[in-house]
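Novice: Questions regarding the structure given below will be posed in turn.
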Amino acid sequence: MGSPAWHAGPTRGHRRILRVRRGWVVCVGWLSTLACVTGGPEAAEDVPVAPIVPEADGSGRVRLSSPQLVADMDVARGRVLAIRLRDQTVLGGSGHAPIGADATTPDWQRSAGIWVWPVPEPAWGDLRERGFQPERELDRVTGTARAWRVRSGAAVLRWTRELGPPLCLRETRTWRVSPFTPVLTLHVELERLRSSSTRVGPWVLARMDNCQRLVWPADDAADSLAEVHAFSRPPAFAWTREPGSVVYRTDLGGVHRFKANDPGRAWIAAESAGRLLLLRQLRSSVATNDPVLQVWAYVGESGRRTELELMDVGHILQPGERLVWSVAVECFPILADLDPRSLAIRVRLLAGEKEAASLP
């Protein structure tokens with residue numbers, strides 16, 4: 001589709017915010033784009049003060065940075081290329097391709113970083129039956145990007161694109177690096193432009209290399225630690241059941257894809273060389289019916305390739321309706337060689353589960 005249109009600063013003026021039913025977000029009338037938040041990442045006092053321009057190396061990258069965190073962004077695709085916690089790479093950088101990948105393999109299956117799609121994987125089969133190849137088409141359509149720094153010091157990138165039939169969708173992503181904490185947030189609005197029966201919803205995939213352990217939520221009353229959906233079942237000695245969670249050693253071999261068995265708790269964490277990456281859903285303070293995201297993970301090549309996923313089942317929107325959702329990518333230094341119980345408690349506390357503090 002060619003190079004994306006680039007704007008150095010935020011849109012000025014006003015826009016019409018449509019009513020969205022089912023409690024996802026409601027804001028009616030002519031409101032300032034800077035003052036109308038609707039559960040998004042901006043506050044009314046977050047006034048833009050300076051543009052952020054692409055890197056001078058011609059790569060098309062934009063760098064969102066704070067003293068704690070740096071995120072390199074692909075402005076054509078509205079995605080994260082790499083994340084660094086101070087001077088250490090947490091995500092991206094190596095571009096480690098899966099075994100068997102070749103020149104025909106879609107880029108999203110080859111490259112590290114964070115990928116986002118407006119159609120969850122369960123709906124891809126329906127699209128293929130209509131002759132639409134989502135693994136290529138969703139990556140092919142580029143968007144319009146603009147980036148700026150606000151008065152609080154946060155760095156923001158907003159990316160928008162429109163997808164024609166069969167999706168008939170406008171997708172807006174707002175990435176934001178906090179000025180105070182090592183957190184990158186993503187806020188997404190999906191608006192149906194014309195009638196379509198295609199289900200839409202969140203699918204966020206963070207691909208990283210050399211992950212050592214994963215931690216995800218688990219229902220203590222369930223018989224299994226997770227639902228295995230592809231490849232082989234991990235060996236029993238690779239899993240450690242902890243209260244409300246599971247700790248999994250990725251270096252014990254095998255290729256696995258599984259889904260957490262506690263859908264009400266949408267978070268998953270990966271430990272790698274003294275660093276922790278936490279991917280979690282942010283609950284809206286305005287919307288009453290946030291999408292219920294499911295936690296998925298893929299592990300292959302003894303942890304050399306690990307994918308953390310948050311995914312919705314999908315929703316059919318009527319013309320003018322919007323689906324709004326947010327996630328956070330948080331990075332922390334962590335002590336090496338923590339025992340599984342200590343690691344699980346630490347992750348649960350970071351995910352906002354305060355009750356974990358009472359565990360022995």
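Lettering and numbering for the structure tokens are positional, with chains as A, B, ... in the shown order, residues counted from 1 in each chain, and ligands counted from 1 in the shown order.
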Quick one: everything within 6 Å of A:Val200, counting only C-alpha atoms, minus sequence neighbours fewer than 3 positions away in the same chain. Send it as a PyMOL selection string.
Specialist: chain A and resi 118-119+314-315
Novice: Using C-alpha atoms, can you export the residues from the last selection as a PDB file, in the first residue's frame?
Specialist:
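And here's result.pdb as it stands now:
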```pdb
ATOM      1  CA  PRO A 118      -8.591  -6.209  14.890  1.00  0.00           C
ATOM      2  CA  VAL A 119      -9.861  -9.722  14.165  1.00  0.00           C
ATOM      3  CA  GLY A 314     -14.972 -11.561  18.590  1.00  0.00           C
ATOM      4  CA  HIS A 315     -18.114  -9.438  18.256  1.00  0.00           C
TER       5      HIS A 315
END
```
Novice: Fewer than 3 positions away in the same chain doesn't count, so skip those; otherwise give me all residues within 8 Å of A:Ala273, counting only C-alpha atoms, as a list in words.
Specialist: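 My list of contacting residues is Cys211, Gln212 and Ala336 of chain A.
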Novice: Write the residues you've just listed into a file as a PDB file, in the first residue's frame, and include C-alpha atoms for each of them.
Specialist:
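Once everything was written out, this is part_31.pdb:
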```pdb
ATOM      1  CA  CYS A 211      12.258 -16.663  27.648  1.00  0.00           C
ATOM      2  CA  GLN A 212      13.083 -18.779  30.713  1.00  0.00           C
ATOM      3  CA  ALA A 336      17.475 -14.086  39.065  1.00  0.00           C
TER       4      ALA A 336
END
```
Novice: Just give me the gap between atom CA of A:Val188 and atom CA of A:Glu171 in Å, one decimal is fine.
Specialist: 7.2 Å
Novice: Quick one: residues within 9 Å of A:Ile316, only C-alpha atoms counted, chain neighbours fewer than 5 positions away excluded, as a PyMOL selection string?
Specialist: chain A and resi 196-201
Novice: Once you have the residues from the selection above, write them out as an mmCIF file, in the first residue's frame, restricted to C-alpha atoms.
Specialist:
```cif
data_model
loop_
_atom_site.group_PDB
_atom_site.id
_atom_site.type_symbol
_atom_site.label_atom_id
_atom_site.label_comp_id
_atom_site.auth_asym_id
_atom_site.auth_seq_id
_atom_site.Cartn_x
_atom_site.Cartn_y
_atom_site.Cartn_z
ATOM 1 C CA SER A 196 -20.653 -6.623 7.930
ATOM 2 C CA SER A 197 -21.079 -9.985 9.631
ATOM 3 C CA THR A 198 -17.352 -10.365 10.343
ATOM 4 C CA ARG A 199 -16.522 -10.673 14.013
ATOM 5 C CA VAL A 200 -13.941 -8.210 15.321
ATOM 6 C CA GLY A 201 -12.098 -7.938 18.601
#
```
Novice: Extract the full set of helix (DSSP H, G or I) residues from stretch 78-274 of chain A according to DSSP on the backbone, and format it as JSON, numbers by chain.
Specialist: {"A": [107, 108, 109, 110, 121, 122, 123, 124, 125, 126, 127, 128, 129, 134, 135, 136, 137, 138, 139, 140, 236, 237, 238, 250, 251, 252]}
Novice: Go ahead and write the selection's residues with N, CA and C atoms as a short mmCIF file (atom, residue, chain, number, x, y, z; two decimals), in the first residue's frame.
Specialist:
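Final output, result-v3.cif:
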```cif
data_model
loop_
_atom_site.label_atom_id
_atom_site.label_comp_id
_atom_site.auth_asym_id
_atom_site.auth_seq_id
_atom_site.Cartn_x
_atom_site.Cartn_y
_atom_site.Cartn_z
N ASP A 107 5.50 -11.80 7.48
CA ASP A 107 6.43 -11.15 8.39
C ASP A 107 6.00 -11.30 9.84
N TRP A 108 4.69 -11.29 10.10
CA TRP A 108 4.24 -11.35 11.48
C TRP A 108 4.54 -12.71 12.12
N GLN A 109 4.76 -13.74 11.31
CA GLN A 109 5.13 -15.04 11.84
C GLN A 109 6.64 -15.18 12.03
N ARG A 110 7.39 -14.21 11.52
CA ARG A 110 8.84 -14.31 11.55
C ARG A 110 9.48 -13.38 12.59
N GLU A 121 -8.14 -14.61 16.26
CA GLU A 121 -7.85 -15.82 15.50
C GLU A 121 -9.06 -16.71 15.26
N PRO A 122 -10.00 -16.88 16.22
CA PRO A 122 -11.16 -17.74 15.95
C PRO A 122 -12.00 -17.30 14.76
N ALA A 123 -11.91 -16.01 14.37
CA ALA A 123 -12.70 -15.52 13.23
C ALA A 123 -11.94 -15.61 11.92
N TRP A 124 -10.67 -16.00 11.94
CA TRP A 124 -9.89 -16.04 10.71
C TRP A 124 -10.40 -17.10 9.74
N GLY A 125 -10.90 -18.21 10.27
CA GLY A 125 -11.41 -19.25 9.40
C GLY A 125 -12.57 -18.77 8.55
N ASP A 126 -13.48 -17.98 9.13
CA ASP A 126 -14.61 -17.45 8.37
C ASP A 126 -14.12 -16.53 7.26
N LEU A 127 -13.09 -15.74 7.54
CA LEU A 127 -12.57 -14.85 6.52
C LEU A 127 -11.93 -15.63 5.37
N ARG A 128 -11.23 -16.69 5.68
CA ARG A 128 -10.60 -17.49 4.63
C ARG A 128 -11.65 -18.11 3.71
N GLU A 129 -12.77 -18.51 4.28
CA GLU A 129 -13.84 -19.08 3.46
C GLU A 129 -14.39 -18.06 2.46
N PRO A 134 -6.42 -13.31 6.05
CA PRO A 134 -6.12 -12.32 7.09
C PRO A 134 -4.64 -12.24 7.43
N GLU A 135 -3.92 -13.36 7.38
CA GLU A 135 -2.51 -13.33 7.75
C GLU A 135 -1.69 -12.43 6.83
N ARG A 136 -2.17 -12.16 5.63
CA ARG A 136 -1.47 -11.28 4.70
C ARG A 136 -2.17 -9.93 4.56
N GLU A 137 -3.49 -9.93 4.45
CA GLU A 137 -4.22 -8.69 4.19
C GLU A 137 -4.15 -7.73 5.38
N LEU A 138 -4.27 -8.26 6.60
CA LEU A 138 -4.24 -7.38 7.76
C LEU A 138 -2.88 -6.76 7.96
N ASP A 139 -1.85 -7.41 7.47
CA ASP A 139 -0.49 -6.88 7.58
C ASP A 139 -0.17 -5.95 6.42
N ARG A 140 -0.90 -6.10 5.30
CA ARG A 140 -0.59 -5.34 4.09
C ARG A 140 -1.11 -3.91 4.15
N ALA A 236 5.06 -33.01 32.77
CA ALA A 236 4.52 -32.60 34.07
C ALA A 236 5.54 -31.87 34.91
N PHE A 237 6.81 -32.24 34.79
CA PHE A 237 7.83 -31.60 35.63
C PHE A 237 8.15 -30.18 35.18
N ALA A 238 7.61 -29.75 34.03
CA ALA A 238 7.85 -28.37 33.58
C ALA A 238 6.87 -27.39 34.22
N THR A 250 10.28 -22.98 30.29
CA THR A 250 10.24 -23.11 28.84
C THR A 250 11.41 -23.89 28.27
N ASP A 251 12.46 -24.09 29.07
CA ASP A 251 13.68 -24.69 28.55
C ASP A 251 13.70 -26.21 28.67
N LEU A 252 12.57 -26.80 28.98
CA LEU A 252 12.52 -28.25 29.16
C LEU A 252 12.07 -28.97 27.91
#
```
Novice: Which distance in Å separates atom CA of A:Pro67 and atom CA of A:Asp87, to one decimal?
Specialist: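 Between these atoms lies a distance of 10.3 Å.
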Novice: Quick one: residues within 10 Å of A:Gln318, only C-alpha atoms counted, chain neighbours fewer than 4 positions away excluded, as an MDAnalysis selection string?
Specialist: chainID A and resid 20:21 191:197 322
Novice: Go ahead and compute the interatomic distance for atom CA of A:Glu162 and atom CA of A:Ile114, in Å to one decimal.
Specialist: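 Calculated distance between atom CA of A:Glu162 and atom CA of A:Ile114 is 20.2 Å.
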Novice: Would you please work out which residue, of A:Ala351, A:Leu343, A:Leu279, A:Val292, is nearest to A:Ala328 when using only C-alpha atoms?
Specialist: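 Closest residue, counting only C-alpha atoms: A:Leu279.
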Novice: With only C-alpha atoms as the basis for distance, which of A:Gly320, A:Pro51, A:Pro291, A:Pro340 is at the shortest distance from A:Arg213?
Specialist: A:Pro340
Novice: Please identify all polymer residues within 12 Å of A:Pro360, counting only C-alpha atoms, omitting same-chain residues fewer than 5 positions from it, and present them as a PDB file with C-alpha atoms, in the first residue's frame.
Specialist:
```pdb
ATOM      1  CA  GLU A 242       1.095 -22.156  42.718  1.00  0.00           C
ATOM      2  CA  PRO A 243      -1.938 -20.556  44.392  1.00  0.00           C
ATOM      3  CA  ARG A 341       6.382 -19.426  44.619  1.00  0.00           C
ATOM      4  CA  SER A 342       8.231 -16.119  44.972  1.00  0.00           C
ATOM      5  CA  ALA A 344       4.323 -16.265  41.099  1.00  0.00           C
ATOM      6  CA  ILE A 345       3.535 -13.977  44.046  1.00  0.00           C
ATOM      7  CA  GLU A 355      -4.626 -10.865  47.721  1.00  0.00           C
TER       8      GLU A 355
END
```
Novice: Which is closer to A:Arg233 than all the others in A:His256, A:Arg77, A:Arg249, A:Arg161, using only C-alpha atoms?
Specialist: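 Of A:His256, A:Arg77, A:Arg249, A:Arg161, the one nearest A:Arg233 is A:His256, counting only C-alpha atoms.
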Novice: Taking the DSSP assignment computed from this structure's backbone, write out as a PyMOL selection string all residues of stretch 117-192 of chain A that belong to strand (DSSP E).
Specialist: chain A and resi 117+144-150+155-163+169-177+183-192
Novice: Of the residues A:Ser245, A:Ser232, A:Ser272, A:Asn210, which is the one nearest to A:Arg348, using only C-alpha atoms?
Specialist: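 Using only C-alpha atoms, the shortest distance to A:Arg348 belongs to A:Ser245.
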Novice: Residues within 10 Å of A:Gly78, please, as an NGL selection string. Count only C-alpha atoms; anything in the same chain fewer than 5 positions from it doesn't count.
Specialist: :A and (4 or 73 or 114-116 or 142-145 or 157-161 or 172-175)
Novice: Selection from above, N, CA and C atoms, as a compact mmCIF listing (two decimals), in the first residue's frame, can you write it?
Specialist:
```
# COMPACT_ATOMS: atom_id res chain seq x y z
N PRO A 4 3.29 4.92 4.74
CA PRO A 4 2.19 5.51 5.48
C PRO A 4 2.28 7.02 5.47
N MET A 73 8.84 1.95 17.38
CA MET A 73 7.55 1.70 16.75
C MET A 73 7.68 1.66 15.24
N ILE A 114 5.66 -6.75 19.05
CA ILE A 114 4.24 -6.87 19.41
C ILE A 114 3.41 -6.63 18.16
N TRP A 115 2.53 -7.57 17.90
CA TRP A 115 1.61 -7.50 16.76
C TRP A 115 0.19 -7.37 17.29
N VAL A 116 -0.63 -6.61 16.58
CA VAL A 116 -2.01 -6.37 16.99
C VAL A 116 -2.91 -6.56 15.77
N THR A 142 -1.50 -0.52 5.41
CA THR A 142 -0.79 0.35 6.35
C THR A 142 -1.70 1.48 6.81
N GLY A 143 -1.20 2.27 7.76
CA GLY A 143 -2.02 3.31 8.35
C GLY A 143 -1.35 4.66 8.35
N THR A 144 -2.04 5.64 8.93
CA THR A 144 -1.55 7.00 9.10
C THR A 144 -1.14 7.19 10.54
N ALA A 145 0.07 7.72 10.76
CA ALA A 145 0.60 7.84 12.12
C ALA A 145 0.94 9.27 12.45
N LEU A 157 1.92 7.83 20.40
CA LEU A 157 1.79 7.61 18.95
C LEU A 157 0.37 7.14 18.66
N ARG A 158 -0.29 7.82 17.73
CA ARG A 158 -1.64 7.42 17.31
C ARG A 158 -1.58 6.98 15.86
N TRP A 159 -2.18 5.84 15.59
CA TRP A 159 -2.12 5.19 14.28
C TRP A 159 -3.53 4.80 13.88
N THR A 160 -3.91 5.13 12.64
CA THR A 160 -5.28 4.89 12.17
C THR A 160 -5.24 4.30 10.76
N ARG A 161 -6.15 3.37 10.50
CA ARG A 161 -6.32 2.85 9.15
C ARG A 161 -7.78 2.44 8.96
N THR A 172 -8.18 2.42 15.24
CA THR A 172 -7.32 3.46 15.79
C THR A 172 -6.57 2.89 17.00
N ARG A 173 -5.26 2.96 16.93
CA ARG A 173 -4.42 2.50 18.05
C ARG A 173 -3.68 3.70 18.64
N THR A 174 -3.67 3.79 19.95
CA THR A 174 -2.90 4.82 20.64
C THR A 174 -1.92 4.13 21.58
N TRP A 175 -0.64 4.26 21.25
CA TRP A 175 0.44 3.74 22.09
C TRP A 175 0.97 4.87 22.95
```
Novice: Hey, what's within 7 Å of A:Leu277 if we count only C-alpha atoms and toss same-chain stuff fewer than 6 positions away? As a ChimeraX atom specification, please?
Specialist: /A:269-271,329-332
